[in-house]
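Data block below; observations after.
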Amino acid sequence: MTSGRGDRLGRGDSCPTASLGETPGWVVDEPIKRTQQGGYTLLEMLIVVGLLAMIAAIAVPSVTPAEHQKLSLAASTVAAVLRFAREEARRSGVIHGVSVDVLNDQVSVFRLDETPNPNVKIFDVYQPVSKQLYTVQLGASPFGGVALNAIGGQMMGTCNDPENIAFDSNGVVRCVEPVATRIRNASIELALDRLQLTIAIDEYAGRVTIQ
């Protein structure tokens with residue numbers, strides 16, 4: 001009896017062979033290999049984000065509360081110097097002012113002698129509490145690190161001495177030389193690292209504010 005294609009092979013039977021171009025009657029299954037797709041795992045992404053955060057923290061130092069406090073104290077002190085000079089001018093009827101030394105980070109109170117030509121600044125004004133000459137050194141404790149960045153304002157005429165702010169007997173902000181020139185929007189800028197504060201002086205009222 002001949003066996004059909006679907007019959008099982010008996011002992012001694014040979015496996016069927018396929019001629020060229022024919023499909024064999026049976027196929028041995030090959031194990032399926034799964035290919036791994038590219039990409040990052042969640043853990044890898046978290047590690048990268050953490051490293052970037054550490055690098056950013058090192059590259060850009062954070063501002064501490066102590067630095068905020070130091071700059072605020074310096075601004076309040078300079079504002080007090082300006083207010084004192086204005087009140088002395090109004091009280092005495094003599095022009096008083098504040099010399100702003102940006103190079104040495106120092107402010108000093110002076111009175112103006114208008115007798116000579118040009119006018120002369122006289123630094124003989126004393127701080128009412130310490131009884132010392134009224135000078136504030138921002139580079140010293142407790143302001144160490146605070147810098148005088150700039151002094152600014154719009155000169156309403158010629159001003160030969162822009163690094164000083166003077167007040168007349170009415171408290172109006174003026175240039176030292178000549179005193180006929182008013183200063184509009186006078187300001188002093190302080191800085192500590194990336195922090196900045198501006199002390200603004202109102203032209204007529206002489207009101208001093210910290211911004």
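Ligands are numbered from 1 in the order shown, residues from 1 within each chain, and chains are lettered A, B, ... in the order they appear in the structure tokens.
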What's around stretch 172-188 of chain A at 6 Å? Count only C-alpha atoms, leave out sequence neighbours fewer than 3 positions away in its own chain, and write the answer as an NGL selection string. :A and (150-157 or 159-161 or 166-168 or 198-201 or 203-204)
Output file for the selection above: C-alpha atoms, as a short mmCIF file (atom, residue, chain, number, x, y, z; two decimals), in the first residue's frame:
data_model
loop_
_atom_site.label_atom_id
_atom_site.label_comp_id
_atom_site.auth_asym_id
_atom_site.auth_seq_id
_atom_site.Cartn_x
_atom_site.Cartn_y
_atom_site.Cartn_z
CA ALA A 150 27.20 103.85 39.35
CA ILE A 151 25.80 107.29 40.05
CA GLY A 152 23.31 108.63 37.55
CA GLY A 153 20.88 111.41 36.79
CA GLN A 154 19.75 113.81 34.12
CA MET A 155 21.67 117.07 34.33
CA MET A 156 19.44 120.03 33.56
CA GLY A 157 22.40 121.99 32.24
CA CYS A 159 27.61 119.89 35.41
CA ASN A 160 31.37 119.76 35.93
CA ASP A 161 31.23 117.47 38.95
CA ALA A 166 24.14 118.29 46.51
CA PHE A 167 21.05 119.73 48.21
CA ASP A 168 20.24 123.43 48.48
CA THR A 198 18.99 101.47 43.26
CA ILE A 199 18.63 104.45 45.59
CA ALA A 200 16.56 107.15 43.90
CA ILE A 201 16.31 110.82 44.91
CA GLU A 203 14.34 116.13 42.21
CA TYR A 204 12.22 118.61 44.19
#
Quick one: residues within 9 Å of A:Leu192, only C-alpha atoms, excluding same-chain residues fewer than 5 positions away - as a list in words?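 Those residues are Glu67, His68, Lys70, Leu71, Gly145, Val146, Ala147 and Leu197 of chain A.
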Grab the residues selected above and save them as an mmCIF file, in the first residue's frame with N, CA and C atoms.
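Result file again10.cif:
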data_model
loop_
_atom_site.group_PDB
_atom_site.id
_atom_site.type_symbol
_atom_site.label_atom_id
_atom_site.label_comp_id
_atom_site.auth_asym_id
_atom_site.auth_seq_id
_atom_site.Cartn_x
_atom_site.Cartn_y
_atom_site.Cartn_z
ATOM 1 N N GLU A 67 23.365 87.467 51.746
ATOM 2 C CA GLU A 67 23.733 88.450 50.735
ATOM 3 C C GLU A 67 22.625 89.469 50.528
ATOM 4 N N HIS A 68 21.371 88.993 50.519
ATOM 5 C CA HIS A 68 20.232 89.907 50.441
ATOM 6 C C HIS A 68 20.262 90.894 51.604
ATOM 7 N N LYS A 70 22.824 91.788 53.489
ATOM 8 C CA LYS A 70 23.988 92.676 53.421
ATOM 9 C C LYS A 70 23.743 93.820 52.448
ATOM 10 N N LEU A 71 23.175 93.517 51.272
ATOM 11 C CA LEU A 71 22.911 94.559 50.278
ATOM 12 C C LEU A 71 21.830 95.514 50.765
ATOM 13 N N GLY A 145 31.917 93.343 50.297
ATOM 14 C CA GLY A 145 31.474 92.754 49.040
ATOM 15 C C GLY A 145 30.505 93.629 48.273
ATOM 16 N N VAL A 146 29.854 94.589 48.957
ATOM 17 C CA VAL A 146 28.922 95.485 48.271
ATOM 18 C C VAL A 146 29.722 96.550 47.526
ATOM 19 N N ALA A 147 29.327 96.810 46.274
ATOM 20 C CA ALA A 147 30.055 97.763 45.436
ATOM 21 C C ALA A 147 29.133 98.892 44.987
ATOM 22 N N LEU A 197 20.515 96.984 43.800
ATOM 23 C CA LEU A 197 19.510 97.875 44.364
ATOM 24 C C LEU A 197 19.847 99.294 43.930
#
Within 6 Å of stretch 96-116 of chain A, which residues of stretch 126-173 of chain A show up? Give each one with its shortest atom-to-atom distance in Å (one decimal) and the two atoms involved, counting only C-alpha atoms, rows by chain then rising residue number, as JSON lines.
{"residue": "A:Tyr134", "atom": "CA", "partner": "A:Val109", "partner_atom": "CA", "distance": 5.6}
{"residue": "A:Thr135", "atom": "CA", "partner": "A:Ser108", "partner_atom": "CA", "distance": 4.2}
{"residue": "A:Val136", "atom": "CA", "partner": "A:Val107", "partner_atom": "CA", "distance": 5.4}
{"residue": "A:Gln137", "atom": "CA", "partner": "A:Gln106", "partner_atom": "CA", "distance": 4.6}
{"residue": "A:Leu138", "atom": "CA", "partner": "A:Asp105", "partner_atom": "CA", "distance": 5.5}
{"residue": "A:Ala147", "atom": "CA", "partner": "A:Asp105", "partner_atom": "CA", "distance": 5.6}
{"residue": "A:Leu148", "atom": "CA", "partner": "A:Asp105", "partner_atom": "CA", "distance": 5.1}
{"residue": "A:Glu163", "atom": "CA", "partner": "A:Val100", "partner_atom": "CA", "distance": 5.7}
{"residue": "A:Asn164", "atom": "CA", "partner": "A:Ser99", "partner_atom": "CA", "distance": 4.6}
{"residue": "A:Ile165", "atom": "CA", "partner": "A:Val98", "partner_atom": "CA", "distance": 5.3}
{"residue": "A:Ala166", "atom": "CA", "partner": "A:Gly97", "partner_atom": "CA", "distance": 3.8}
{"residue": "A:Phe167", "atom": "CA", "partner": "A:His96", "partner_atom": "CA", "distance": 5.6}
How about saving the chosen residues, N, CA and C atoms kept, as a PDB file, in the first residue's frame?
ATOM      1  N   TYR A 134      31.480 111.910  58.721  1.00  0.00           N
ATOM      2  CA  TYR A 134      30.406 111.093  58.138  1.00  0.00           C
ATOM      3  C   TYR A 134      30.866 110.491  56.803  1.00  0.00           C
ATOM      4  N   THR A 135      31.495 109.338  56.905  1.00  0.00           N
ATOM      5  CA  THR A 135      31.958 108.584  55.743  1.00  0.00           C
ATOM      6  C   THR A 135      31.566 107.124  55.920  1.00  0.00           C
ATOM      7  N   VAL A 136      31.073 106.524  54.865  1.00  0.00           N
ATOM      8  CA  VAL A 136      30.693 105.109  54.893  1.00  0.00           C
ATOM      9  C   VAL A 136      31.521 104.363  53.853  1.00  0.00           C
ATOM     10  N   GLN A 137      32.267 103.387  54.335  1.00  0.00           N
ATOM     11  CA  GLN A 137      33.096 102.549  53.456  1.00  0.00           C
ATOM     12  C   GLN A 137      32.370 101.236  53.215  1.00  0.00           C
ATOM     13  N   LEU A 138      31.850 101.048  52.014  1.00  0.00           N
ATOM     14  CA  LEU A 138      31.058  99.857  51.719  1.00  0.00           C
ATOM     15  C   LEU A 138      31.915  98.601  51.607  1.00  0.00           C
ATOM     16  N   ALA A 147      29.327  96.810  46.274  1.00  0.00           N
ATOM     17  CA  ALA A 147      30.055  97.763  45.436  1.00  0.00           C
ATOM     18  C   ALA A 147      29.133  98.892  44.987  1.00  0.00           C
ATOM     19  N   LEU A 148      29.720 100.086  44.864  1.00  0.00           N
ATOM     20  CA  LEU A 148      29.018 101.209  44.244  1.00  0.00           C
ATOM     21  C   LEU A 148      29.148 101.057  42.736  1.00  0.00           C
ATOM     22  N   GLU A 163      29.986 113.372  39.962  1.00  0.00           N
ATOM     23  CA  GLU A 163      30.106 112.301  40.955  1.00  0.00           C
ATOM     24  C   GLU A 163      29.673 112.755  42.353  1.00  0.00           C
ATOM     25  N   ASN A 164      28.925 113.844  42.408  1.00  0.00           N
ATOM     26  CA  ASN A 164      28.454 114.347  43.687  1.00  0.00           C
ATOM     27  C   ASN A 164      26.987 114.742  43.572  1.00  0.00           C
ATOM     28  N   ILE A 165      26.280 114.583  44.675  1.00  0.00           N
ATOM     29  CA  ILE A 165      24.879 114.987  44.742  1.00  0.00           C
ATOM     30  C   ILE A 165      24.758 116.016  45.859  1.00  0.00           C
ATOM     31  N   ALA A 166      24.255 117.207  45.526  1.00  0.00           N
ATOM     32  CA  ALA A 166      24.139 118.288  46.506  1.00  0.00           C
ATOM     33  C   ALA A 166      22.676 118.673  46.699  1.00  0.00           C
ATOM     34  N   PHE A 167      22.392 119.250  47.882  1.00  0.00           N
ATOM     35  CA  PHE A 167      21.048 119.733  48.207  1.00  0.00           C
ATOM     36  C   PHE A 167      21.149 121.195  48.622  1.00  0.00           C
TER      37      PHE A 167
END
Can you tell me which residues surround A:Arg91 at a distance of at most 12 Å, considering only C-alpha atoms, apart from same-chain residues fewer than 3 positions away, and format the answer as a list in words?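 Once the nearby chain positions are removed, what remains is Phe84, Ala85, Arg86, Glu87, Glu88, Val94, Ile95, His96, Phe167, Asp168, Ser169, Asn170 and Gly171 of chain A.
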Mind listing the helix (DSSP H, G or I) residues of stretch 34-179 of chain A, per DSSP on the backbone, as a short mmCIF file (atom, residue, chain, number, x, y, z; two decimals) with C-alpha atoms, in the first residue's frame?
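File produced: states30.cif:
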data_model
loop_
_atom_site.label_atom_id
_atom_site.label_comp_id
_atom_site.auth_asym_id
_atom_site.auth_seq_id
_atom_site.Cartn_x
_atom_site.Cartn_y
_atom_site.Cartn_z
CA LEU A 42 13.42 56.15 32.64
CA LEU A 43 16.33 55.51 34.98
CA GLU A 44 18.85 56.73 32.42
CA MET A 45 16.84 59.90 31.82
CA LEU A 46 16.63 60.60 35.55
CA ILE A 47 20.39 60.20 35.90
CA VAL A 48 21.04 62.65 33.05
CA VAL A 49 18.62 65.22 34.48
CA GLY A 50 20.27 64.91 37.90
CA LEU A 51 23.74 65.48 36.44
CA LEU A 52 22.57 68.54 34.50
CA ALA A 53 21.04 69.98 37.68
CA MET A 54 24.32 69.49 39.56
CA ILE A 55 26.31 71.20 36.80
CA ALA A 56 23.89 74.15 36.74
CA ALA A 57 24.12 74.54 40.52
CA ILE A 58 27.93 74.69 40.33
CA ALA A 59 28.05 77.03 37.33
CA PRO A 65 19.69 85.29 52.39
CA ALA A 66 22.82 86.74 54.02
CA GLU A 67 23.73 88.45 50.73
CA HIS A 68 20.23 89.91 50.44
CA GLN A 69 20.51 91.21 53.99
CA LYS A 70 23.99 92.68 53.42
CA LEU A 71 22.91 94.56 50.28
CA SER A 72 19.72 95.83 51.93
CA LEU A 73 21.73 97.10 54.90
CA ALA A 74 24.17 98.90 52.61
CA ALA A 75 21.33 100.52 50.64
CA SER A 76 19.59 101.65 53.83
CA THR A 77 22.84 103.13 55.13
CA VAL A 78 23.55 105.08 51.91
CA ALA A 79 19.94 106.29 51.87
CA ALA A 80 20.38 107.53 55.45
CA VAL A 81 23.53 109.44 54.39
CA LEU A 82 21.59 111.20 51.62
CA ARG A 83 18.68 112.06 53.93
CA PHE A 84 21.07 113.46 56.53
CA ALA A 85 22.83 115.68 53.97
CA ARG A 86 19.52 117.04 52.75
CA GLU A 87 18.26 117.79 56.26
CA GLU A 88 21.54 119.52 57.16
CA ALA A 89 21.20 121.73 54.06
CA ARG A 90 17.66 122.70 55.01
CA ARG A 91 18.56 123.24 58.67
CA SER A 92 21.70 125.30 58.13
#
Any chance you could list, as a list in words, the residues in stretch 53-134 of chain A that come up strand (DSSP E) when DSSP is run on the backbone?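 Reading the DSSP output for stretch 53-134 of chain A, strand (DSSP E) covers His96, Gly97, Val98, Ser99, Val100, Asp101, Gln106, Val107, Ser108, Val109, Phe110, Arg111, Leu112, Asp113, Val120, Lys121 and Ile122 of chain A.
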Write out, as a PDB file, in the first residue's frame, the residues just selected, with C-alpha atoms.
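Below is the file again-v3.pdb, written as the result:
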ATOM      1  CA  HIS A  96      25.366 120.007  51.753  1.00  0.00           C
ATOM      2  CA  GLY A  97      25.907 116.956  49.631  1.00  0.00           C
ATOM      3  CA  VAL A  98      27.231 113.439  49.270  1.00  0.00           C
ATOM      4  CA  SER A  99      30.404 112.541  47.421  1.00  0.00           C
ATOM      5  CA  VAL A 100      30.093 109.172  45.681  1.00  0.00           C
ATOM      6  CA  ASP A 101      33.490 107.532  45.190  1.00  0.00           C
ATOM      7  CA  GLN A 106      32.798 105.065  49.588  1.00  0.00           C
ATOM      8  CA  VAL A 107      30.266 107.832  50.279  1.00  0.00           C
ATOM      9  CA  SER A 108      31.026 110.945  52.347  1.00  0.00           C
ATOM     10  CA  VAL A 109      28.993 113.959  53.479  1.00  0.00           C
ATOM     11  CA  PHE A 110      30.354 117.437  52.722  1.00  0.00           C
ATOM     12  CA  ARG A 111      29.312 121.055  52.970  1.00  0.00           C
ATOM     13  CA  LEU A 112      29.922 123.368  50.031  1.00  0.00           C
ATOM     14  CA  ASP A 113      31.903 126.578  50.281  1.00  0.00           C
ATOM     15  CA  VAL A 120      35.033 123.796  47.265  1.00  0.00           C
ATOM     16  CA  LYS A 121      33.747 120.676  49.047  1.00  0.00           C
ATOM     17  CA  ILE A 122      34.668 120.610  52.736  1.00  0.00           C
TER      18      ILE A 122
END
Distance atom CA of A:Asp124-atom CA of A:Ala140, one decimal place?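 We find that atom CA of A:Asp124 and atom CA of A:Ala140 lie 21.4 Å from each other.
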So what do you get for atom CA of A:Pro142 versus atom CA of A:Val208, distance-wise?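 About the pair atom CA of A:Pro142 and atom CA of A:Val208: they are 22.0 Å apart.
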Just the number, please: distance in Å from atom CA of A:Lys131 to atom CA of A:Pro118, one decimal.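 These two atoms are separated by 29.3 Å.
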Would you please work out which residue, of A:Val125, A:Ala191, A:Gln132, A:Arg207, is nearest to A:Gly144 when using only C-alpha atoms? A:Ala191
